file work.pdb (PDB, C-alpha atoms)
ATOM      1  CA  MET U 338     -23.082 -51.491  14.525
ATOM      2  CA  THR U 339     -19.918 -53.523  14.796
ATOM      3  CA  GLN U 340     -18.033 -54.955  11.870
ATOM      4  CA  GLN U 341     -19.172 -58.487  12.753
ATOM      5  CA  SER U 342     -22.875 -57.615  12.852
ATOM      6  CA  GLN U 343     -22.598 -55.662   9.576
ATOM      7  CA  GLU U 344     -21.060 -58.653   7.906
ATOM      8  CA  ASP U 345     -23.766 -60.929   9.342
ATOM      9  CA  VAL U 346     -26.470 -58.711   7.831
ATOM     10  CA  ARG U 347     -24.699 -58.716   4.493
ATOM     11  CA  VAL U 348     -24.310 -62.480   4.477
ATOM     12  CA  ALA U 349     -27.972 -62.969   5.417
ATOM     13  CA  ALA U 350     -29.123 -60.607   2.664
ATOM     14  CA  THR U 351     -26.851 -62.281   0.115
ATOM     15  CA  SER U 352     -28.131 -65.738   1.010
ATOM     16  CA  LYS U 353     -31.739 -64.584   0.653
ATOM     17  CA  ILE U 354     -31.008 -62.938  -2.702
ATOM     18  CA  TRP U 355     -29.344 -66.026  -4.140
ATOM     19  CA  GLY U 356     -31.923 -68.379  -2.599
ATOM     20  CA  MET U 357     -34.681 -66.494  -4.397
ATOM     21  CA  THR U 358     -32.614 -66.433  -7.574
ATOM     22  CA  VAL U 359     -32.269 -70.228  -7.548
ATOM     23  CA  GLY U 360     -36.056 -70.503  -7.295
ATOM     24  CA  ILE U 361     -36.522 -68.002 -10.115
ATOM     25  CA  ILE U 362     -34.070 -69.889 -12.310
ATOM     26  CA  ALA U 363     -35.905 -73.144 -11.556
ATOM     27  CA  ILE U 364     -39.091 -71.532 -12.850
ATOM     28  CA  CYS U 365     -37.410 -69.704 -15.764
ATOM     29  CA  ILE U 366     -35.764 -72.738 -17.359
ATOM     30  CA  PRO U 367     -39.055 -74.495 -18.245
ATOM     31  CA  LEU U 368     -40.624 -71.149 -19.173
ATOM     32  CA  SER U 369     -37.785 -70.277 -21.521
ATOM     33  CA  ALA U 370     -38.285 -73.596 -23.303
ATOM     34  CA  VAL U 371     -42.036 -72.980 -23.671
ATOM     35  CA  THR U 372     -41.701 -69.338 -24.743
ATOM     36  CA  ARG U 373     -38.622 -70.021 -26.863
ATOM     37  CA  SER U 374     -36.865 -67.037 -25.344
ATOM     38  CA  GLY U 375     -33.644 -68.947 -24.854
ATOM     39  CA  PRO U 376     -31.336 -68.084 -21.989
ATOM     40  CA  ILE U 377     -32.636 -64.513 -21.613
ATOM     41  CA  LEU U 378     -34.818 -65.099 -18.526
ATOM     42  CA  PRO U 379     -32.269 -67.105 -16.498
ATOM     43  CA  LEU U 380     -29.479 -64.667 -17.399
ATOM     44  CA  ALA U 381     -31.657 -61.735 -16.370
ATOM     45  CA  ALA U 382     -32.300 -63.416 -13.022
ATOM     46  CA  ILE U 383     -28.581 -64.007 -12.471
ATOM     47  CA  ALA U 384     -27.723 -60.444 -13.494
ATOM     48  CA  GLY U 385     -30.339 -59.063 -11.082
ATOM     49  CA  ALA U 386     -29.010 -61.163  -8.231
ATOM     50  CA  ALA U 387     -25.434 -60.111  -8.968
ATOM     51  CA  PHE U 388     -26.412 -56.437  -9.042
ATOM     52  CA  SER U 389     -28.384 -56.788  -5.795
ATOM     53  CA  THR U 390     -25.497 -58.529  -4.077
ATOM     54  CA  ALA U 391     -23.052 -55.848  -5.178
ATOM     55  CA  THR U 392     -25.416 -53.151  -3.930
ATOM     56  CA  VAL U 393     -25.777 -54.784  -0.515
ATOM     57  CA  TRP U 394     -22.036 -55.086  -0.052
ATOM     58  CA  ARG U 395     -21.197 -51.578  -1.332
ATOM     59  CA  ASN U 396     -23.905 -49.416   0.244
ATOM     60  CA  ASP U 397     -23.862 -50.852   3.747
ATOM     61  CA  ASP U 398     -20.687 -48.907   4.604
ATOM     62  CA  LYS U 399     -22.178 -45.616   3.385
ATOM     63  CA  LYS U 400     -25.197 -45.887   5.696
ATOM     64  CA  SER U 401     -23.142 -45.990   8.883
ATOM     65  CA  PRO U 402     -22.674 -42.382  10.061
ATOM     66  CA  SER U 403     -20.489 -43.410  12.984
ATOM     67  CA  GLN U 404     -17.690 -44.413  10.644
ATOM     68  CA  SER U 405     -17.809 -41.276   8.518
ATOM     69  CA  PHE U 406     -18.125 -38.862  11.485
ATOM     70  CA  PRO U 407     -16.113 -39.769  14.565
ATOM     71  CA  ALA U 408     -17.630 -38.861  17.932
ATOM     72  CA  GLN U 409     -15.025 -36.155  18.536
ATOM     73  CA  ARG U 410     -15.873 -34.408  15.273
ATOM     74  CA  ILE U 411     -19.595 -34.518  16.111
ATOM     75  CA  GLU U 412     -18.883 -32.908  19.490
ATOM     76  CA  ILE U 413     -16.847 -30.156  17.826
ATOM     77  CA  LEU U 414     -19.670 -29.455  15.382
ATOM     78  CA  GLU U 415     -22.212 -29.338  18.217
ATOM     79  CA  GLN U 416     -20.028 -26.832  20.090
ATOM     80  CA  ARG U 417     -19.730 -24.646  16.991
ATOM     81  CA  ILE U 418     -23.499 -24.672  16.536
ATOM     82  CA  ALA U 419     -23.976 -23.704  20.188
ATOM     83  CA  ASN U 420     -21.517 -20.824  19.734
ATOM     84  CA  LEU U 421     -23.367 -19.618  16.649
ATOM     85  CA  GLU U 422     -26.677 -19.750  18.514
ATOM     86  CA  THR U 423     -25.154 -17.674  21.312
ATOM     87  CA  ILE U 424     -23.843 -15.080  18.857
ATOM     88  CA  VAL U 425     -27.162 -14.814  17.060
ATOM     89  CA  SER U 426     -29.165 -14.471  20.266
ATOM     90  CA  SER U 427     -26.807 -11.798  21.670
ATOM     91  CA  ASP U 428     -26.977  -9.846  18.396
ATOM     92  CA  GLU U 429     -30.741 -10.098  18.515
ATOM     93  CA  LEU U 430     -30.744  -8.705  22.068
ATOM     94  CA  ASP U 431     -28.477  -5.810  21.025
ATOM     95  CA  LEU U 432     -30.720  -5.077  18.053
ATOM     96  CA  HIS U 433     -33.815  -5.134  20.253
ATOM     97  CA  THR U 434     -32.146  -2.662  22.662
ATOM     98  CA  LYS U 435     -31.218  -0.344  19.774
ATOM     99  CA  ILE U 436     -34.763  -0.431  18.426
ATOM    100  CA  GLN U 437     -36.184   0.474  21.845
ATOM    101  CA  THR U 438     -33.719   3.344  22.137
ATOM    102  CA  LEU U 439     -34.678   4.692  18.721
ATOM    103  CA  GLU U 440     -38.364   4.421  19.536
ATOM    104  CA  ALA U 441     -37.834   6.312  22.784
ATOM    105  CA  ASN U 442     -35.958   9.071  20.926
ATOM    106  CA  ASN U 443     -38.679   9.343  18.279
ATOM    107  CA  ILE U 444     -41.427   9.888  20.881
ATOM    108  CA  TYR U 445     -39.971  13.227  21.957
ATOM    109  CA  ARG U 446     -39.268  14.547  18.465
ATOM    110  CA  VAL U 447     -41.621  17.012  16.878
ATOM    111  CA  PRO U 448     -42.543  16.119  13.326
ATOM    112  CA  ILE U 449     -40.853  18.372  10.799
ATOM    113  CA  GLN U 450     -43.266  20.361   8.695
ATOM    114  CA  SER U 451     -42.821  20.810   5.017
ATOM    115  CA  SER U 452     -40.809  23.921   4.095
ATOM    116  CA  THR U 453     -42.210  24.257   0.594
ATOM    117  CA  PRO U 454     -44.119  27.501   0.043
ATOM    118  CA  GLU U 455     -47.795  27.230  -0.576
ATOM    119  CA  THR U 456     -48.985  28.545  -3.907
ATOM    120  CA  LYS U 457     -52.046  30.747  -4.031
ATOM    121  CA  THR U 458     -54.400  30.406  -6.922
TER     122      THR U 458
END
call {"tool": "encode", "arguments": {"input": "work.pdb", "output": "structure tokens"}}
result
Amino acid sequence: MTQQSQEDVRVAATSKIWGMTVGIIAICIPLSAVTRSGPILPLAAIAGAAFSTATVWRNDDKKSPSQSFPAQRIEILEQRIANLETIVSSDELDLHTKIQTLEANNIYRVPIQSSTPETKT
């Protein structure tokens, strides 16, 4: 996403947030008079809109992975992962060869009998 389109999304979200807040305040003012709650409801609506606006403008930068990880760094990481996969698969092949060799050697061995003397009763 380019900087211009990110800003457009932020502006659109902010306008929707504050548009809804104006409607909520329009409803809250008569309700606060009827419920005798004073300015609590309209202030809560304004505080919620302010918090939402701050969240939209702060968190939008954190969601863009292209800014935090440049393309060159991603390529380097992919190469390192490929190298690790190669190392692991070659070690696995060497281990498999060693196991086959040991199995072949064990086929020709005669089992060793116990050298403990038998006791007669």
call {"tool": "atom_distance", "arguments": {"input": "work.pdb", "atom1": "atom CA of U:Ala370", "atom2": "atom CA of U:Ile383"}}
result
17.4 Å
call {"tool": "residues_around", "arguments": {"input": "work.pdb", "residues": "U:Met357", "least_positions_apart": "5", "cutoff": "12 Å", "atoms": "only C-alpha atoms", "output": "ChimeraX atom specification"}}
result
/U:350-352,362-364,382-383,385-386,389
call {"tool": "atom_distance", "arguments": {"input": "work.pdb", "atom1": "atom CA of U:Thr390", "atom2": "atom CA of U:Ile361"}}
result
15.7 Å
call {"tool": "atom_distance", "arguments": {"input": "work.pdb", "atom1": "atom CA of U:Val348", "atom2": "atom CA of U:Ala408"}}
result
28.0 Å
